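In what follows, a structure is listed as structure tokens, so that the remarks can point back to it.
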Amino acid sequence: MPFGLRARRVGWSAGALLLAALAVWGLGRLLDQPITSVTVTGQLQHVSPQDVEQVVRARLGHAGFVTVNLRDISRGLSALPWVASAAVQRRWPHGLTVQIVEQTAVARWDGNGLVNAAGMQFLPAARFAPPELPQLSGPPGSQQEVTARYLAIQGHLTEAGLHLATLSLDARGAWQFVLDDGVVVRLGREHVD
């Protein structure tokens, strides 16, 4: 094959690639319209729509429909107090849909912090901690162990018509709980079950 023919083929191929790249770039620019609406879904009791809007606006910046970083917005929303998870999706042609799932507090932790059923302390200092929630406490890092023990004990107590008011684990590993009628039960460290 002569050199001139080969050079023309390479030139045509490069031109076609450049044209395809320009078409993709142009289409991306055409579709990357400003986001004009954000729809928030989920049963919100503790997370305000204003907080969600503030995070979305801060993370959105000048990005458009195509260039918006959904993962970054989701991470920002997940960092809000009371947010267990956040999912963000594009909604054609100019919107986003934000799905928020709130944390469910099962107990108070060391005063006015809150823990969920997995024992994760999601709010270390709540302005309002529901007084009907039991009070759990223990050494630093023991939230999961104490919460799991609470859920196991409460299940047995509920069957007997009793309710746990407090459960604590001391630094030596001994357990103590107080029922809502004031009865104190000390379990020690061994054979707790």
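Identifiers for the structure tokens are assigned positionally: chains receive A, B, ... in sequence, residues are indexed from 1 per chain, and ligands are indexed from 1 in the order shown.
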Write down as a ChimeraX atom specification the residues of chain A whose backbone DSSP state falls under alpha helix (DSSP H). /A:3-31,49-60,70-78,143-159
Counting only C-alpha atoms, which residue out of A:Ser78, A:Gln89, A:Gln54, A:Ser137 sits closest to Asp110 (chain A)? A:Ser137
List as a compact mmCIF listing (two decimals) with N, CA and C atoms, in the first residue's frame the protein and nucleic acid residues near Ala171 (chain A), meaning an atom at most 9 Å away when only C-alpha atoms are counted, but skip any in the same chain fewer than 3 places from it.
```
# COMPACT_ATOMS: atom_id res chain seq x y z
N GLY A 138 -21.66 2.90 79.09
CA GLY A 138 -20.56 1.95 79.14
C GLY A 138 -19.26 2.64 78.82
N PRO A 139 -18.16 1.91 78.89
CA PRO A 139 -16.86 2.48 78.54
C PRO A 139 -16.85 2.94 77.08
N ALA A 174 -18.86 -5.54 84.42
CA ALA A 174 -20.09 -5.95 85.13
C ALA A 174 -21.29 -5.19 84.57
```
Close residues, Asn116 (chain A) itself excluded, 9 Å, only C-alpha atoms, min 2 positions apart in chain, as JSON, numbers by chain: {"A": [103, 104, 105, 106, 107, 114, 118, 119, 120, 121, 122, 147]}
Writing out the chosen residues with N, CA and C atoms as a short mmCIF file (atom, residue, chain, number, x, y, z; two decimals), in the first residue's frame:
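The result, stored in out-v4.cif:
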```cif
data_model
loop_
_atom_site.label_atom_id
_atom_site.label_comp_id
_atom_site.auth_asym_id
_atom_site.auth_seq_id
_atom_site.Cartn_x
_atom_site.Cartn_y
_atom_site.Cartn_z
N GLN A 103 -32.36 7.98 60.74
CA GLN A 103 -31.97 7.06 61.80
C GLN A 103 -33.17 6.79 62.70
N THR A 104 -33.18 5.63 63.33
CA THR A 104 -34.18 5.31 64.33
C THR A 104 -33.46 5.12 65.65
N ALA A 105 -33.73 6.02 66.57
CA ALA A 105 -33.08 5.95 67.88
C ALA A 105 -33.75 4.86 68.72
N VAL A 106 -32.93 3.94 69.27
CA VAL A 106 -33.48 2.91 70.15
C VAL A 106 -33.16 3.18 71.61
N ALA A 107 -32.17 4.06 71.85
CA ALA A 107 -31.80 4.36 73.24
C ALA A 107 -30.98 5.64 73.30
N LEU A 114 -27.55 9.60 71.23
CA LEU A 114 -28.52 8.62 70.74
C LEU A 114 -27.82 7.52 69.96
N ALA A 118 -28.12 -0.80 65.58
CA ALA A 118 -26.81 -1.41 65.33
C ALA A 118 -25.78 -0.99 66.37
N GLY A 119 -26.19 -0.13 67.30
CA GLY A 119 -25.27 0.33 68.33
C GLY A 119 -24.39 1.46 67.88
N MET A 120 -24.72 2.08 66.76
CA MET A 120 -23.94 3.20 66.27
C MET A 120 -24.45 4.48 66.92
N GLN A 121 -23.56 5.21 67.55
CA GLN A 121 -23.94 6.49 68.14
C GLN A 121 -23.97 7.50 67.02
N PHE A 122 -25.16 7.87 66.59
CA PHE A 122 -25.28 8.76 65.44
C PHE A 122 -25.46 10.21 65.85
N THR A 147 -25.71 -1.97 73.32
CA THR A 147 -26.98 -1.92 72.59
C THR A 147 -27.47 -3.33 72.27
#
```
Residue nearest Glu53 (chain A) - candidates A:Pro140, A:Leu162, A:Val40, A:Leu123, atoms counted: only C-alpha atoms: A:Val40
Between A:Val47, A:Val83, A:Ile35, A:Val101, which one has atoms that come closest to Val66 (chain A), using only C-alpha atoms? A:Ile35
Interatomic distance, CA of Ala84 (chain A) to CA of Thr166 (chain A) (Å, one decimal):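 Atom-to-atom, CA of Ala84 (chain A) and CA of Thr166 (chain A) are spaced 24.8 Å apart.
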At a cut-off of 9 Å, using only C-alpha atoms, what residues contact Val178 (chain A)? Leave out same-chain residues fewer than 6 positions from it and give the result as a VMD selection string. chain A and resid 163 to 167 184 to 186
Pick out the closest residue to Pro81 (chain A) from this set: A:Pro131, A:Gly61, A:Gly113, A:Gly182. Count only C-alpha atoms. A:Gly113
